[in-house]
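Note sheet for the following structure.
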Amino acid sequence: MNTTAEAIETSTANLKASDFDGDRTFEGTLGDITAAEARMECRQVNVWYDDNHAIREVSLDIGKHEVVSMIGPSGCGKSTFLRCLNRMNDTIPAAKVTGSIKLDGREVLDRGIDVVPLRAQVGMVFQKPNPFPKSVYENIAYGPRIHGLTNHREELDELVETSLKRAGLWEEVKDRLEQPGTGLSGGQQQRLCIARTIAVSPEVILMDEPCSALDPIATAVIEELIAELRQEYSIAIVTHSMQQAARVSQRTAYFHLGDLLEVGATGQIFEDPQHNLTRAYVTGRFG
Ligand SMILES: Nc1ncnc2c1ncn2[C@@H]1O[C@H](COP(=O)(O)OP(=O)(O)OP(=O)(O)O)[C@@H](O)[C@H]1O
Ligand SMILES: [Mg+2]
């Protein structure tokens with residue numbers, strides 16, 4: 001654990017984000033929303049669920065080779081924002097998304113784009129590991145096959161092996177590739193899901209509380225993996241653990257009641273937040 005993480009006060013008073021609504025003086029996001037080398041550029045993104053305005057005018061870059069963590073109280077819109085990045089909100093009939101989200105300069109929100117390849121390029125790992133009810137091998141091979149990457153057994157064998165190796169799971173499963181993925185431990189299942197995401201050559205990996213169902217040891221393994229994956233991919237991670245945000249991310253974005261209140265280098269957000277609500281949250285005054 002690094003010093004930033006150690007410095008964070010985690011005790012929480014029984015307060016809710018809405019208790020701080022009176023403090024709210026939102027005049028635009030504090031800090032630099034841009035990344036040195038942007039992979040994704042989100043500008044003035046709004047999301048409504050019917051008339052619930054869940055995300056308001058959020059602008060944020062996700063850079064190459066960086067992990068951006070998204071923190072904030074429950075219901076502030078972290079998952080909603082994450083789901084915009086690969087059009088997962090399309091699957092929710094009540095959801096309406098406006099603004100601009102670009103991936104390598106291409107507009108993701110254009111109606112005309114095919115969301116199937118988009119969701120391979122911008123992969124998602126969920127809170128609860130959700131392997132397919134298939135073998136370990138097939139969990140990995142399925143994506144490359146349906147995305148037309150390869151259909152040759154030898155190439156698939158190689159892709160399965162490299163994906164499992166990158167996800168740090170190969171040694172544990174190489175002798176049980178034909179057994180069901182659902183038979184693995186929770187931490188192994190989550191790495192299987194990460195391997196499955198990697199197998200279709202993504203550019204960005206979205207993770208929504210990927211460790212919240214895992215024990216501390218499995219969590220540490222995933223966190224190490226995230227640090228390695230950053231060399232190749234851009235990662236956006238939602239977490240309720242401020243220690244985790246401090247350990248894994250280079251930039252941190254603080255959401256509050258649908259606004260992106262503040263974004264900055266992770267050390268700055270935890271040690272020298274500019275907004276009183278960011279400070280209140282990271283010092284554990286509410287959660
Ligand atoms: N599928 C949905 N249909 C309708 N409203 C939704 C849906 N998902 C989220 N919302 C609403 O949007 C707002 C933001 O929710 P969201 O799930 O994005 O928050 P969150 O920050 O991820 O919270 P948590 O930390 O609890 O996961 C909330 O008011 C929530 O009730
Ligand atoms: Mg959520």
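Following the order of the structure tokens, first chain is A, next is B, and so on, with residues numbered from 1 inside each chain and ligands from 1 in the order they appear.
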
### Query
Contacts of stretch 125-139 of chain A at 7 Å or less, counting only C-alpha atoms, minus same-chain residues fewer than 4 places along, as a list of chain:residue names?
A:Val160, A:Leu177, A:Glu178, A:Gln179, A:Pro180, A:Gly181, A:Thr182, A:Gly186, A:Gln189, A:Gln190, A:Cys193, A:Ile194, A:Arg196, A:Leu206, A:Met207, A:Asp208, A:Glu209, A:Pro210, A:Cys211, A:Ser212, A:Ala213

### Query
Hey, what does DSSP flag as strand (DSSP E) within stretch 47-88 of chain A? Can you give it to me as an MDAnalysis selection string?
chainID A and resid 47:49 52:63 67:71

Put those residues in a file: C-alpha atoms, as an mmCIF file, in the first residue's frame.
```
data_model
loop_
_atom_site.group_PDB
_atom_site.id
_atom_site.type_symbol
_atom_site.label_atom_id
_atom_site.label_comp_id
_atom_site.auth_asym_id
_atom_site.auth_seq_id
_atom_site.Cartn_x
_atom_site.Cartn_y
_atom_site.Cartn_z
ATOM 1 C CA VAL A 47 -27.855 11.193 -19.497
ATOM 2 C CA TRP A 48 -31.506 11.083 -18.556
ATOM 3 C CA TYR A 49 -33.513 8.113 -17.347
ATOM 4 C CA ASN A 52 -34.128 11.859 -14.008
ATOM 5 C CA HIS A 53 -31.139 13.877 -15.190
ATOM 6 C CA ALA A 54 -28.491 11.411 -14.005
ATOM 7 C CA ILE A 55 -25.348 12.886 -15.656
ATOM 8 C CA ARG A 56 -24.960 16.583 -16.376
ATOM 9 C CA GLU A 57 -22.560 18.124 -18.879
ATOM 10 C CA VAL A 58 -19.702 15.773 -18.079
ATOM 11 C CA SER A 59 -16.478 16.357 -20.020
ATOM 12 C CA LEU A 60 -13.497 14.107 -19.459
ATOM 13 C CA ASP A 61 -10.645 12.546 -21.441
ATOM 14 C CA ILE A 62 -9.331 9.061 -20.924
ATOM 15 C CA GLY A 63 -5.698 8.953 -21.945
ATOM 16 C CA VAL A 67 -6.009 4.353 -15.388
ATOM 17 C CA VAL A 68 -8.728 6.868 -14.534
ATOM 18 C CA SER A 69 -10.722 6.095 -11.429
ATOM 19 C CA MET A 70 -14.236 7.350 -10.918
ATOM 20 C CA ILE A 71 -15.299 7.854 -7.354
#
```

### Message
With distances taken over only C-alpha atoms and all ligand atoms, which residue among A:Ile237, A:Val173, A:Ala35, A:Asp215 lies nearest ligand 2?
### Response
A:Ile237

Each residue of chain A lying at most 10 Å from ligand 1 should get a row with its shortest atom-to-atom pair and the distance in Å to one decimal, counting only C-alpha atoms and all ligand atoms; could you produce that, ordered by chain and increasing number, as a tab-separated table?
```
residue	atom	partner	partner_atom_place_in_ligand_line	distance
A:Val47	CA	ligand 1	12 (O)	8.4
A:Trp48	CA	ligand 1	12 (O)	7.7
A:Tyr49	CA	ligand 1	4 (C)	5.0
A:Asp50	CA	ligand 1	4 (C)	7.5
A:Asp51	CA	ligand 1	5 (N)	9.5
A:Asn52	CA	ligand 1	29 (O)	6.8
A:His53	CA	ligand 1	12 (O)	7.6
A:Ala54	CA	ligand 1	13 (C)	4.7
A:Ile55	CA	ligand 1	14 (C)	7.4
A:Met70	CA	ligand 1	21 (O)	8.8
A:Ile71	CA	ligand 1	21 (O)	7.8
A:Gly72	CA	ligand 1	21 (O)	6.5
A:Pro73	CA	ligand 1	25 (O)	5.8
A:Ser74	CA	ligand 1	25 (O)	3.4
A:Gly75	CA	ligand 1	19 (O)	3.4
A:Cys76	CA	ligand 1	21 (O)	4.0
A:Gly77	CA	ligand 1	18 (O)	3.2
A:Lys78	CA	ligand 1	21 (O)	3.8
A:Ser79	CA	ligand 1	22 (O)	3.7
A:Thr80	CA	ligand 1	18 (O)	3.6
A:Phe81	CA	ligand 1	18 (O)	6.5
A:Leu82	CA	ligand 1	18 (O)	8.1
A:Arg83	CA	ligand 1	18 (O)	8.4
A:Asn89	CA	ligand 1	1 (N)	7.9
A:Thr91	CA	ligand 1	1 (N)	8.8
A:Ile92	CA	ligand 1	1 (N)	5.8
A:Pro93	CA	ligand 1	3 (N)	8.2
A:Ala94	CA	ligand 1	3 (N)	6.4
A:Ala95	CA	ligand 1	3 (N)	6.9
A:Gln127	CA	ligand 1	27 (O)	9.4
A:Asp208	CA	ligand 1	22 (O)	8.1
A:Glu209	CA	ligand 1	27 (O)	8.1
A:Val238	CA	ligand 1	22 (O)	7.8
A:Thr239	CA	ligand 1	25 (O)	7.9
A:His240	CA	ligand 1	25 (O)	7.0
A:Phe255	CA	ligand 1	21 (O)	7.6
A:His256	CA	ligand 1	21 (O)	8.3
A:Leu257	CA	ligand 1	14 (C)	7.8
A:Gly258	CA	ligand 1	14 (C)	7.0
A:Gly287	CA	ligand 1	25 (O)	9.2
```

So that I have them on file, write out the residues from the current selection with N, CA and C atoms, as a CSV table (one decimal), in the first residue's frame.
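Output (result.csv):
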```
chain,number,residue,atom,x,y,z
A,47,VAL,N,-27.0,12.4,-19.4
A,47,VAL,CA,-27.9,11.2,-19.5
A,47,VAL,C,-29.1,11.4,-18.7
A,48,TRP,N,-30.2,11.1,-19.3
A,48,TRP,CA,-31.5,11.1,-18.6
A,48,TRP,C,-32.0,9.7,-18.5
A,49,TYR,N,-32.7,9.3,-17.4
A,49,TYR,CA,-33.5,8.1,-17.3
A,49,TYR,C,-34.9,8.7,-17.2
A,50,ASP,N,-35.7,8.6,-18.3
A,50,ASP,CA,-36.9,9.4,-18.3
A,50,ASP,C,-36.6,10.8,-17.9
A,51,ASP,N,-37.2,11.3,-16.8
A,51,ASP,CA,-36.9,12.7,-16.4
A,51,ASP,C,-35.9,12.9,-15.3
A,52,ASN,N,-35.2,11.8,-15.0
A,52,ASN,CA,-34.1,11.9,-14.0
A,52,ASN,C,-32.8,12.2,-14.8
A,53,HIS,N,-32.4,13.4,-14.5
A,53,HIS,CA,-31.1,13.9,-15.2
A,53,HIS,C,-29.9,13.3,-14.4
A,54,ALA,N,-29.5,12.2,-14.8
A,54,ALA,CA,-28.5,11.4,-14.0
A,54,ALA,C,-27.1,11.9,-14.2
A,55,ILE,N,-26.7,12.4,-15.4
A,55,ILE,CA,-25.3,12.9,-15.7
A,55,ILE,C,-25.5,14.2,-16.4
A,70,MET,N,-13.0,6.5,-11.1
A,70,MET,CA,-14.2,7.3,-10.9
A,70,MET,C,-14.8,7.0,-9.6
A,71,ILE,N,-14.8,8.1,-8.7
A,71,ILE,CA,-15.3,7.9,-7.4
A,71,ILE,C,-16.5,8.8,-7.1
A,72,GLY,N,-17.2,8.5,-6.0
A,72,GLY,CA,-18.3,9.4,-5.6
A,72,GLY,C,-19.3,8.6,-4.9
A,73,PRO,N,-20.2,9.3,-4.2
A,73,PRO,CA,-21.3,8.6,-3.4
A,73,PRO,C,-22.2,7.8,-4.3
A,74,SER,N,-22.8,6.8,-3.7
A,74,SER,CA,-23.8,5.9,-4.4
A,74,SER,C,-24.9,6.8,-5.1
A,75,GLY,N,-25.1,6.4,-6.4
A,75,GLY,CA,-26.2,7.1,-7.1
A,75,GLY,C,-25.7,8.4,-7.8
A,76,CYS,N,-24.4,8.7,-7.8
A,76,CYS,CA,-23.9,10.0,-8.4
A,76,CYS,C,-23.7,9.8,-9.9
A,77,GLY,N,-23.8,8.6,-10.4
A,77,GLY,CA,-23.8,8.5,-11.9
A,77,GLY,C,-22.5,7.8,-12.4
A,78,LYS,N,-21.7,7.2,-11.6
A,78,LYS,CA,-20.5,6.6,-12.1
A,78,LYS,C,-20.7,5.5,-13.1
A,79,SER,N,-21.6,4.6,-12.7
A,79,SER,CA,-21.9,3.5,-13.7
A,79,SER,C,-22.6,4.0,-14.9
A,80,THR,N,-23.5,5.0,-14.8
A,80,THR,CA,-24.1,5.6,-15.9
A,80,THR,C,-23.1,6.2,-16.9
A,81,PHE,N,-22.2,6.9,-16.3
A,81,PHE,CA,-21.1,7.5,-17.2
A,81,PHE,C,-20.3,6.4,-17.9
A,82,LEU,N,-19.9,5.4,-17.1
A,82,LEU,CA,-19.1,4.3,-17.7
A,82,LEU,C,-19.8,3.7,-18.8
A,83,ARG,N,-21.1,3.4,-18.6
A,83,ARG,CA,-21.9,2.7,-19.7
A,83,ARG,C,-22.0,3.5,-20.9
A,89,ASN,N,-25.7,2.0,-22.4
A,89,ASN,CA,-27.0,2.6,-22.0
A,89,ASN,C,-28.0,2.4,-23.0
A,91,THR,N,-29.0,-0.2,-24.0
A,91,THR,CA,-29.8,-1.4,-23.7
A,91,THR,C,-30.9,-1.0,-22.6
A,92,ILE,N,-30.9,0.2,-22.1
A,92,ILE,CA,-31.8,0.6,-21.1
A,92,ILE,C,-32.8,1.6,-21.8
A,93,PRO,N,-34.1,1.1,-22.1
A,93,PRO,CA,-35.0,1.9,-22.9
A,93,PRO,C,-35.2,3.3,-22.4
A,94,ALA,N,-35.2,3.5,-21.0
A,94,ALA,CA,-35.5,4.8,-20.5
A,94,ALA,C,-34.4,5.8,-20.7
A,95,ALA,N,-33.2,5.3,-21.0
A,95,ALA,CA,-32.0,6.1,-21.0
A,95,ALA,C,-31.9,7.0,-22.3
A,127,GLN,N,-19.1,-5.8,-11.9
A,127,GLN,CA,-18.9,-6.0,-10.5
A,127,GLN,C,-18.9,-7.5,-10.1
A,208,ASP,N,-16.4,-1.8,-13.6
A,208,ASP,CA,-17.3,-1.2,-12.7
A,208,ASP,C,-17.2,-2.0,-11.4
A,209,GLU,N,-16.5,-1.4,-10.4
A,209,GLU,CA,-16.3,-2.1,-9.1
A,209,GLU,C,-15.9,-3.5,-9.3
A,238,VAL,N,-14.5,2.2,-11.9
A,238,VAL,CA,-15.3,2.8,-10.8
A,238,VAL,C,-15.0,2.0,-9.6
A,239,THR,N,-14.7,2.7,-8.5
A,239,THR,CA,-14.5,2.0,-7.2
A,239,THR,C,-15.0,2.8,-6.1
A,240,HIS,N,-15.4,2.1,-5.0
A,240,HIS,CA,-15.9,2.7,-3.8
A,240,HIS,C,-14.7,2.7,-2.8
A,255,PHE,N,-17.3,12.4,-8.8
A,255,PHE,CA,-18.7,12.6,-9.3
A,255,PHE,C,-19.5,12.9,-8.0
A,256,HIS,N,-20.5,13.8,-8.2
A,256,HIS,CA,-21.4,14.2,-7.1
A,256,HIS,C,-22.8,14.5,-7.7
A,257,LEU,N,-23.8,13.7,-7.4
A,257,LEU,CA,-25.1,14.0,-7.8
A,257,LEU,C,-25.2,14.4,-9.3
A,258,GLY,N,-24.5,13.6,-10.1
A,258,GLY,CA,-24.6,13.8,-11.6
A,258,GLY,C,-23.6,14.7,-12.2
A,287,GLY,N,-20.5,8.9,2.5
A,287,GLY,CA,-20.1,7.8,1.5
A,287,GLY,C,-21.4,7.3,0.8
```

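When DSSP is run on the backbone, the residues of stretch 137-175 of chain A that fall into helix (DSSP H, G or I) are A:Tyr137, A:Glu138, A:Asn139, A:Ile140, A:Ala141, A:Tyr142, A:Gly143, A:Pro144, A:Arg145, A:Ile146, A:Arg153, A:Glu154, A:Glu155, A:Leu156, A:Asp157, A:Glu158, A:Leu159, A:Val160, A:Glu161, A:Thr162, A:Ser163, A:Leu164, A:Lys165, A:Arg166, A:Trp170, A:Glu171, A:Glu172, A:Val173.
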
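Distance-wise, atom CA of A:Glu203 and atom CA of A:Gly28 end up 28.8 Å apart.
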
### Task
Calculate how many Å separate atom CA of A:Gly267 from atom CA of A:Thr34, rounding to one decimal.
16.7 Å

### Distance of atom CA of A:Tyr254 from atom CA of A:Thr278, expressed in Å to one decimal place
6.6 Å

### For A:Val108: contacts at 9 Å, only C-alpha atoms, fewer than 2 positions along chain excluded, given as a PyMOL selection string
chain A and resi 84-87+100-103+106+110-111+113+115+118

## Note on the structure
Using only C-alpha atoms, the best pick from A:Thr197, A:Gln188, A:Asn46, A:Asn276 as closest to A:Val221 would be A:Gln188
